[in-house]
Amino acid sequence: MSPRVARISALAVAIALGLAVFYHGPQLVLLAGAQFLLVSWFALSIVTSYAGGIRLPVSPLSISLTLFWLWLAISLWWTKVPVTSVINFWWVGTPALVFWCYTLSPERNRIRFWLARFLPAGALALCGFAMVQLFVRHEPPRSTFINIHSFAALVMLIALPLSAYFLLVQKQRSRRALVYGIGACVFAFFFAIASTEGRGTTVSLIVGMTVLMVLAWKSVGTRPIAVLLGLLVGAYLAANLILHGEFAGGRLATLSDPASAGIPRFLIWRGSWDMLMANPWWGIGLGTYYLAWPPYRDPTDASLGFFVHNDYLQIWIEAGLPALLLLLAAFGSALFLLVRFLRHRPPVTVRLEALGLFCGLAAVALHSFFDFDFYILPVSIVIGLALGRFHECVSGTSSVRERTLQPKKILRPWLYRVVVVSFFLAPLSYFVVLGVSDQLFKRGFTLAAEGKLPEADAVFTWAERLLSFDDKVLATHADLYRHVLQRVPQAAESERRALYEAALAMLDEAQSANPYRPLIYSVRARLLEENRDLAGPQWRTQAEAAYARALSCDPRFFWTRLAYAQMLLASDRAMEAYGVLEGGMYYWYYPVKSVLVYYESTARLARQLGQEARAVEIEHLSEKLRQAIAGMAPARPIAPDLGLPAVMSAS
């Protein structure tokens, strides 16, 4: 029974990681599937602990990590966007979840046996795909990731513990094949990291490697350290040679002027700090940063606007100061346990493994000051595994206290299983509902785009029943009714009023569920404008207020600017319309063809109003944008939740 449980647990982790490396935000079914497997592993660990008891280690690391996870749950009480925050509770809390999954598993040794082989093999597969992108497709080597530096962070997290193992096996002269094989893997990982040209990743890797080599030197001697250092330097030299010197002469050279090199992030951090000061203590809600961010965003900021590029600042903004302090306490506890562990002079094998795990975690922790590793699901899963094994290593010689719960003293085996399954049924059901609702939403949108409106209506209704207060579904459903209203004859007043009131009710629910989403107000404005007879004599005032609210939520929402300007032009308010359009011209936009419509409309209106010089300037911007679009690769999903797709709101 035990080997089978270990294989099932390891397989669950492997599949969860396989789903996670393809999860970039919009594919909630992948997040739901990965979390379903991880929680199932948790439940399996608890169920199989009946005979031996549930052993709970009591250490600074286990306590601070658990309190961090608990605080994330508490912060759900005051979030303004419950659906998004619950998703992010599981997302951001993944390291704590996986830590306890591993720690409570009675089959840790067998699970570790499988994971120690699967993780490097999986990382090698990702690196292989990245090399195909680099050498065959002539693309940035990002593997399956959207953000190339997230790929590098994941590889770094696996490369450093493997480097520690490489230091150990070099002393085993009878296993030359193993030494060469591990060395080749380490070189491949270093080369993949170097080929991403990440400055923050390189600095973090160098810091982690320096700590590892300094602390391991007395245990392994000079020669293994020199060989490992040679692999690192050789990998970076080879990558720089293949990149024609662009890395060392370009990217790394910018570190000589940190103020200039960090300008893009400084723009984000400055606005994010202002955002933090508006609510510095308890946070605005997990996962809501990107929703509340647009009004604080610098007009020249060319990032996608979903992350702070500093996890500590983002967690502080979203979950409050207690979350930040508890997260820092977890990392501080790991350092404390390591120091206490090393003072006990443990065996060299365990010493090197603990050092490798700690240096990998420390490197990612440092890298997270410049990126968003804690919001990347596969990185979070591996962090949880590394924390669990590190804690296991240092607990053996650090006198970590342990409390054992004995459920067999109070419950029969069958009743114990019922209790455990009942406890985990709620989160498991939630992940099923989340995945199915997301698929229904996407199916409904596809049907709506194909003109199958009744079918789309039925699918959206089911999605709402499964996941109530999902503002994305509600706003899309309301927009669908807006389209249906355009097809209903004016004479069918009762039918039109029923649809109109149903759409308004959905928008009210959506606004209550997420007051940050500009599309809710944009759809409301267009619904009022297109159904003036149903809206009453105040339709114009209400529509203008809704348009203004949408633009206050996100000044870059150019489709709303176009619709608002069109309404103003229809009432002979050309200068006001031009002011609305011109107000968005100073913002950076992601290069997509739909932005050209906005630029061209603004230039045309400027020329009609005699603003010839400004019209020429805008046309010049349009041409530059057109050239940028022509040189871009095909689009990939880039956002955790883009909201209502533009094809419906713009039609």
# chains A, B, ... in the order shown; residues from 1 in each chain; ligands from 1

$ residues_around --residues "range 494-510 of chain A" --least-positions-apart "4" --cutoff "12 Å" --atoms "only C-alpha atoms" --output "number ranges by chain"
A: 80-83, 457, 460-461, 464, 468-490, 514-536, 546, 643-644

$ residues_around --residues "Phe423 in chain A" --least-positions-apart "2" --cutoff "12 Å" --atoms "only C-alpha atoms" --output "PyMOL selection string"
chain A and resi 39-40+42-43+46-47+416-421+425-429

$ residues_around --residues "Val348 in chain A" --least-positions-apart "4" --cutoff "10 Å" --atoms "only C-alpha atoms" --output "list of chain:residue names"
A:Leu168, A:Ala216, A:Lys218, A:Ser219, A:Val220, A:Leu352, A:Glu353, A:Ala354

$ write_last_selection --atoms "all heavy atoms" --output "PDB file, in the first residue's frame"
ATOM      1  N   LEU A 168      28.692  16.950  -4.376  1.00  0.00           N
ATOM      2  CA  LEU A 168      28.792  15.732  -3.583  1.00  0.00           C
ATOM      3  C   LEU A 168      29.263  14.543  -4.420  1.00  0.00           C
ATOM      4  O   LEU A 168      30.171  13.801  -4.016  1.00  0.00           O
ATOM      5  CB  LEU A 168      27.436  15.431  -2.948  1.00  0.00           C
ATOM      6  CG  LEU A 168      27.341  14.172  -2.088  1.00  0.00           C
ATOM      7  CD1 LEU A 168      28.211  14.322  -0.838  1.00  0.00           C
ATOM      8  CD2 LEU A 168      25.890  13.907  -1.692  1.00  0.00           C
ATOM      9  N   ALA A 216      30.017  25.405   1.259  1.00  0.00           N
ATOM     10  CA  ALA A 216      30.292  23.995   0.952  1.00  0.00           C
ATOM     11  C   ALA A 216      31.776  23.700   0.817  1.00  0.00           C
ATOM     12  O   ALA A 216      32.176  22.534   0.761  1.00  0.00           O
ATOM     13  CB  ALA A 216      29.577  23.600  -0.342  1.00  0.00           C
ATOM     14  N   LYS A 218      34.484  23.828   2.734  1.00  0.00           N
ATOM     15  CA  LYS A 218      35.148  22.995   3.733  1.00  0.00           C
ATOM     16  C   LYS A 218      34.707  21.540   3.655  1.00  0.00           C
ATOM     17  O   LYS A 218      35.441  20.633   4.062  1.00  0.00           O
ATOM     18  CB  LYS A 218      34.889  23.543   5.130  1.00  0.00           C
ATOM     19  CG  LYS A 218      35.626  24.848   5.428  1.00  0.00           C
ATOM     20  CD  LYS A 218      35.440  25.253   6.875  1.00  0.00           C
ATOM     21  CE  LYS A 218      36.223  26.538   7.190  1.00  0.00           C
ATOM     22  NZ  LYS A 218      36.052  26.953   8.604  1.00  0.00           N
ATOM     23  N   SER A 219      33.493  21.311   3.146  1.00  0.00           N
ATOM     24  CA  SER A 219      32.967  19.941   3.092  1.00  0.00           C
ATOM     25  C   SER A 219      33.449  19.173   1.877  1.00  0.00           C
ATOM     26  O   SER A 219      33.587  17.944   1.933  1.00  0.00           O
ATOM     27  CB  SER A 219      31.429  19.973   3.099  1.00  0.00           C
ATOM     28  OG  SER A 219      30.936  20.588   4.261  1.00  0.00           O
ATOM     29  N   VAL A 220      33.696  19.845   0.752  1.00  0.00           N
ATOM     30  CA  VAL A 220      34.006  19.138  -0.498  1.00  0.00           C
ATOM     31  C   VAL A 220      35.401  19.436  -1.019  1.00  0.00           C
ATOM     32  O   VAL A 220      35.911  18.717  -1.883  1.00  0.00           O
ATOM     33  CB  VAL A 220      32.965  19.472  -1.582  1.00  0.00           C
ATOM     34  CG1 VAL A 220      31.579  19.053  -1.133  1.00  0.00           C
ATOM     35  CG2 VAL A 220      32.983  20.959  -1.945  1.00  0.00           C
ATOM     36  N   LEU A 352      24.981  19.362   2.419  1.00  0.00           N
ATOM     37  CA  LEU A 352      24.992  19.908   1.056  1.00  0.00           C
ATOM     38  C   LEU A 352      23.582  20.015   0.484  1.00  0.00           C
ATOM     39  O   LEU A 352      23.257  20.969  -0.230  1.00  0.00           O
ATOM     40  CB  LEU A 352      25.863  19.035   0.156  1.00  0.00           C
ATOM     41  CG  LEU A 352      27.372  19.185   0.364  1.00  0.00           C
ATOM     42  CD1 LEU A 352      28.141  18.207  -0.503  1.00  0.00           C
ATOM     43  CD2 LEU A 352      27.812  20.606   0.055  1.00  0.00           C
ATOM     44  N   GLU A 353      22.729  19.029   0.789  1.00  0.00           N
ATOM     45  CA  GLU A 353      21.358  19.105   0.283  1.00  0.00           C
ATOM     46  C   GLU A 353      20.628  20.303   0.870  1.00  0.00           C
ATOM     47  O   GLU A 353      19.946  21.052   0.154  1.00  0.00           O
ATOM     48  CB  GLU A 353      20.601  17.819   0.611  1.00  0.00           C
ATOM     49  CG  GLU A 353      19.200  17.806   0.011  1.00  0.00           C
ATOM     50  CD  GLU A 353      18.453  16.515   0.267  1.00  0.00           C
ATOM     51  OE1 GLU A 353      18.993  15.631   0.959  1.00  0.00           O
ATOM     52  OE2 GLU A 353      17.307  16.397  -0.229  1.00  0.00           O
ATOM     53  N   ALA A 354      20.774  20.511   2.172  1.00  0.00           N
ATOM     54  CA  ALA A 354      20.121  21.658   2.811  1.00  0.00           C
ATOM     55  C   ALA A 354      20.671  22.969   2.258  1.00  0.00           C
ATOM     56  O   ALA A 354      19.910  23.918   2.020  1.00  0.00           O
ATOM     57  CB  ALA A 354      20.312  21.589   4.326  1.00  0.00           C
TER      58      ALA A 354
END

$ residues_around --residues "Phe145 in chain A" --least-positions-apart "4" --cutoff "7 Å" --atoms "only C-alpha atoms" --output "mmCIF file with C-alpha atoms, in the first residue's frame"
data_model
loop_
_atom_site.group_PDB
_atom_site.id
_atom_site.type_symbol
_atom_site.label_atom_id
_atom_site.label_comp_id
_atom_site.auth_asym_id
_atom_site.auth_seq_id
_atom_site.Cartn_x
_atom_site.Cartn_y
_atom_site.Cartn_z
ATOM 1 C CA VAL A 21 3.783 25.416 -16.676
ATOM 2 C CA SER A 150 9.862 33.385 -14.772
ATOM 3 C CA PHE A 151 11.248 30.491 -16.814
#

$ atom_distance --atom1 "CA of Ser333 in chain A" --atom2 "CA of His391 in chain A"
10.2 Å

$ closest_residue --among "A:Tyr547, A:Trp273, A:Tyr23, A:Tyr236" --to "Thr202 in chain A" --atoms "only C-alpha atoms"
A:Tyr236

$ closest_residue --among "A:Leu304, A:Cys553, A:Ala319, A:Met585" --to "Trp71 in chain A" --atoms "only C-alpha atoms"
A:Ala319

$ residues_around --residues "Ala152 in chain A" --least-positions-apart "2" --cutoff "9 Å" --atoms "only C-alpha atoms" --output "list in words"
Arg142, Ile148, His149, Ser150, Leu154, Val155, Met156, Leu157, Phe189, Ala192, Ile193, Ala194, Thr196, Gly198 and Thr201 of chain A

$ write_last_selection --atoms "all heavy atoms" --output "compact mmCIF listing (two decimals), in the first residue's frame"
# COMPACT_ATOMS: atom_id res chain seq x y z
N ARG A 142 11.85 31.42 -23.96
CA ARG A 142 10.97 31.53 -22.79
C ARG A 142 10.29 30.20 -22.46
O ARG A 142 9.50 30.14 -21.51
CB ARG A 142 9.94 32.63 -23.03
CG ARG A 142 8.97 32.33 -24.15
CD ARG A 142 7.97 33.48 -24.36
NE ARG A 142 8.57 34.59 -25.07
CZ ARG A 142 8.74 35.78 -24.55
NH1 ARG A 142 8.40 36.01 -23.29
NH2 ARG A 142 9.25 36.76 -25.26
N ILE A 148 9.85 35.59 -19.76
CA ILE A 148 11.08 34.81 -19.91
C ILE A 148 11.82 34.68 -18.59
O ILE A 148 12.48 33.66 -18.33
CB ILE A 148 11.97 35.47 -21.00
CG1 ILE A 148 13.09 34.52 -21.41
CG2 ILE A 148 12.52 36.81 -20.52
CD1 ILE A 148 13.86 35.01 -22.62
N HIS A 149 11.72 35.68 -17.71
CA HIS A 149 12.44 35.64 -16.44
C HIS A 149 11.79 34.67 -15.45
O HIS A 149 12.46 34.19 -14.53
CB HIS A 149 12.54 37.04 -15.86
CG HIS A 149 13.12 38.03 -16.82
ND1 HIS A 149 14.35 37.86 -17.41
CD2 HIS A 149 12.63 39.20 -17.33
CE1 HIS A 149 14.60 38.87 -18.23
NE2 HIS A 149 13.58 39.69 -18.20
N SER A 150 10.51 34.40 -15.61
CA SER A 150 9.86 33.38 -14.77
C SER A 150 10.40 32.00 -15.11
O SER A 150 10.60 31.16 -14.23
CB SER A 150 8.34 33.43 -14.97
OG SER A 150 7.82 34.69 -14.61
N LEU A 154 12.43 29.49 -12.43
CA LEU A 154 12.12 28.09 -12.17
C LEU A 154 13.35 27.21 -12.36
O LEU A 154 13.65 26.34 -11.53
CB LEU A 154 10.99 27.63 -13.09
CG LEU A 154 10.59 26.15 -12.95
CD1 LEU A 154 10.04 25.87 -11.56
CD2 LEU A 154 9.59 25.75 -14.02
N VAL A 155 14.09 27.45 -13.44
CA VAL A 155 15.30 26.66 -13.70
C VAL A 155 16.33 26.91 -12.60
O VAL A 155 16.99 25.97 -12.13
CB VAL A 155 15.87 27.00 -15.09
CG1 VAL A 155 17.18 26.26 -15.32
CG2 VAL A 155 14.88 26.65 -16.18
N MET A 156 16.47 28.15 -12.17
CA MET A 156 17.41 28.49 -11.11
C MET A 156 17.06 27.77 -9.81
O MET A 156 17.95 27.30 -9.08
CB MET A 156 17.42 30.01 -10.90
CG MET A 156 18.35 30.50 -9.82
SD MET A 156 18.50 32.31 -9.85
CE MET A 156 16.77 32.80 -9.54
N LEU A 157 15.78 27.68 -9.51
CA LEU A 157 15.33 27.03 -8.28
C LEU A 157 15.68 25.55 -8.26
O LEU A 157 15.90 24.96 -7.20
CB LEU A 157 13.81 27.23 -8.14
CG LEU A 157 13.12 26.78 -6.86
CD1 LEU A 157 13.76 27.42 -5.64
CD2 LEU A 157 11.64 27.12 -6.93
N PHE A 189 21.35 23.84 -17.49
CA PHE A 189 20.51 24.78 -16.74
C PHE A 189 21.15 26.17 -16.72
O PHE A 189 20.47 27.18 -16.93
CB PHE A 189 20.31 24.28 -15.31
CG PHE A 189 19.44 23.06 -15.22
CD1 PHE A 189 19.51 22.21 -14.12
CD2 PHE A 189 18.54 22.73 -16.22
CE1 PHE A 189 18.70 21.09 -14.03
CE2 PHE A 189 17.73 21.60 -16.15
CZ PHE A 189 17.82 20.78 -15.04
N ALA A 192 20.76 27.77 -20.12
CA ALA A 192 19.39 28.24 -20.36
C ALA A 192 19.12 29.54 -19.61
O ALA A 192 18.52 30.47 -20.16
CB ALA A 192 18.38 27.16 -19.94
N ILE A 193 19.60 29.62 -18.37
CA ILE A 193 19.41 30.85 -17.59
C ILE A 193 20.15 32.01 -18.25
O ILE A 193 19.61 33.12 -18.40
CB ILE A 193 19.90 30.65 -16.15
CG1 ILE A 193 19.03 29.63 -15.42
CG2 ILE A 193 19.90 31.97 -15.38
CD1 ILE A 193 19.57 29.18 -14.07
N ALA A 194 21.39 31.77 -18.68
CA ALA A 194 22.18 32.83 -19.31
C ALA A 194 21.54 33.30 -20.61
O ALA A 194 21.56 34.49 -20.93
CB ALA A 194 23.61 32.34 -19.57
N THR A 196 18.53 33.64 -21.34
CA THR A 196 17.38 34.54 -21.15
C THR A 196 17.81 35.99 -20.98
O THR A 196 16.97 36.89 -20.99
CB THR A 196 16.56 34.12 -19.92
OG1 THR A 196 17.36 34.25 -18.74
CG2 THR A 196 16.09 32.67 -20.04
N GLY A 198 18.66 37.69 -18.44
CA GLY A 198 18.06 38.39 -17.30
C GLY A 198 19.10 38.94 -16.36
O GLY A 198 19.94 38.20 -15.83
N THR A 201 18.05 37.89 -12.77
CA THR A 201 18.27 36.46 -12.63
C THR A 201 19.75 36.15 -12.47
O THR A 201 20.14 35.33 -11.63
CB THR A 201 17.72 35.72 -13.86
OG1 THR A 201 16.39 36.15 -14.13
CG2 THR A 201 17.71 34.22 -13.62

$ closest_residue --among "A:Met275, A:Val394, A:Leu61, A:Leu377" --to "Val350 in chain A" --atoms "only C-alpha atoms"
A:Val394

$ residues_around --residues "range 607-610 of chain A" --least-positions-apart "6" --cutoff "9 Å" --atoms "only C-alpha atoms" --output "list of chain:residue names"
A:Ala574, A:Met575, A:Tyr578, A:Val616

$ decode --residues "range 595-607 of chain A" --atoms "all heavy atoms" --output "compact mmCIF listing (two decimals), in the first residue's frame"
# COMPACT_ATOMS: atom_id res chain seq x y z
N VAL A 595 -5.94 49.52 -31.64
CA VAL A 595 -5.50 50.85 -31.20
C VAL A 595 -5.42 51.80 -32.40
O VAL A 595 -5.63 53.02 -32.27
CB VAL A 595 -4.14 50.76 -30.49
CG1 VAL A 595 -3.67 52.14 -30.03
CG2 VAL A 595 -4.23 49.84 -29.28
N LEU A 596 -5.14 51.25 -33.59
CA LEU A 596 -5.07 52.09 -34.79
C LEU A 596 -6.41 52.78 -35.06
O LEU A 596 -6.43 53.92 -35.53
CB LEU A 596 -4.68 51.24 -36.00
CG LEU A 596 -3.23 50.74 -36.04
CD1 LEU A 596 -3.04 49.77 -37.20
CD2 LEU A 596 -2.27 51.91 -36.16
N VAL A 597 -7.51 52.09 -34.77
CA VAL A 597 -8.83 52.70 -34.96
C VAL A 597 -8.96 53.94 -34.08
O VAL A 597 -9.44 54.98 -34.52
CB VAL A 597 -9.94 51.68 -34.61
CG1 VAL A 597 -11.31 52.32 -34.74
CG2 VAL A 597 -9.83 50.44 -35.49
N TYR A 598 -8.48 53.83 -32.85
CA TYR A 598 -8.54 54.96 -31.92
C TYR A 598 -7.66 56.11 -32.41
O TYR A 598 -8.08 57.27 -32.45
CB TYR A 598 -8.10 54.48 -30.53
CG TYR A 598 -7.85 55.58 -29.54
CD1 TYR A 598 -8.81 56.56 -29.28
CD2 TYR A 598 -6.65 55.64 -28.84
CE1 TYR A 598 -8.57 57.56 -28.36
CE2 TYR A 598 -6.41 56.64 -27.92
CZ TYR A 598 -7.37 57.60 -27.68
OH TYR A 598 -7.13 58.60 -26.77
N TYR A 599 -6.43 55.82 -32.81
CA TYR A 599 -5.53 56.86 -33.29
C TYR A 599 -6.09 57.55 -34.54
O TYR A 599 -6.09 58.79 -34.64
CB TYR A 599 -4.16 56.25 -33.63
CG TYR A 599 -3.26 56.02 -32.43
CD1 TYR A 599 -3.73 56.18 -31.13
CD2 TYR A 599 -1.93 55.66 -32.60
CE1 TYR A 599 -2.90 55.96 -30.04
CE2 TYR A 599 -1.09 55.44 -31.51
CZ TYR A 599 -1.59 55.60 -30.23
OH TYR A 599 -0.76 55.40 -29.16
N GLU A 600 -6.57 56.75 -35.47
CA GLU A 600 -7.07 57.32 -36.72
C GLU A 600 -8.32 58.17 -36.48
O GLU A 600 -8.49 59.23 -37.11
CB GLU A 600 -7.35 56.20 -37.72
CG GLU A 600 -6.07 55.52 -38.22
CD GLU A 600 -6.35 54.21 -38.92
OE1 GLU A 600 -7.54 53.81 -38.97
OE2 GLU A 600 -5.39 53.57 -39.40
N SER A 601 -9.19 57.74 -35.59
CA SER A 601 -10.40 58.51 -35.29
C SER A 601 -10.03 59.84 -34.64
O SER A 601 -10.62 60.90 -34.96
CB SER A 601 -11.32 57.72 -34.35
OG SER A 601 -11.73 56.51 -34.96
N THR A 602 -9.05 59.81 -33.73
CA THR A 602 -8.62 61.04 -33.06
C THR A 602 -7.99 62.01 -34.06
O THR A 602 -8.26 63.23 -34.03
CB THR A 602 -7.64 60.72 -31.93
OG1 THR A 602 -8.22 59.74 -31.06
CG2 THR A 602 -7.30 61.97 -31.12
N ALA A 603 -7.15 61.49 -34.95
CA ALA A 603 -6.50 62.34 -35.96
C ALA A 603 -7.53 62.96 -36.89
O ALA A 603 -7.45 64.14 -37.25
CB ALA A 603 -5.49 61.51 -36.76
N ARG A 604 -8.52 62.17 -37.28
CA ARG A 604 -9.55 62.67 -38.19
C ARG A 604 -10.35 63.79 -37.53
O ARG A 604 -10.63 64.83 -38.16
CB ARG A 604 -10.48 61.52 -38.59
CG ARG A 604 -11.50 61.88 -39.65
CD ARG A 604 -12.11 60.64 -40.30
NE ARG A 604 -12.63 59.70 -39.32
CZ ARG A 604 -12.07 58.51 -39.06
NH1 ARG A 604 -10.96 58.15 -39.69
NH2 ARG A 604 -12.61 57.71 -38.16
N LEU A 605 -10.72 63.63 -36.27
CA LEU A 605 -11.49 64.66 -35.58
C LEU A 605 -10.63 65.91 -35.35
O LEU A 605 -11.12 67.05 -35.48
CB LEU A 605 -12.02 64.13 -34.25
CG LEU A 605 -12.91 65.08 -33.44
CD1 LEU A 605 -14.11 65.54 -34.27
CD2 LEU A 605 -13.38 64.41 -32.15
N ALA A 606 -9.35 65.72 -35.04
CA ALA A 606 -8.46 66.87 -34.86
C ALA A 606 -8.39 67.69 -36.15
O ALA A 606 -8.42 68.93 -36.11
CB ALA A 606 -7.07 66.39 -34.45
N ARG A 607 -8.30 67.02 -37.28
CA ARG A 607 -8.23 67.74 -38.56
C ARG A 607 -9.54 68.48 -38.84
O ARG A 607 -9.54 69.61 -39.34
CB ARG A 607 -7.90 66.75 -39.68
CG ARG A 607 -7.75 67.41 -41.05
CD ARG A 607 -7.12 66.49 -42.08
NE ARG A 607 -5.66 66.43 -41.91
CZ ARG A 607 -5.01 65.36 -41.47
NH1 ARG A 607 -5.68 64.26 -41.15
NH2 ARG A 607 -3.70 65.39 -41.35
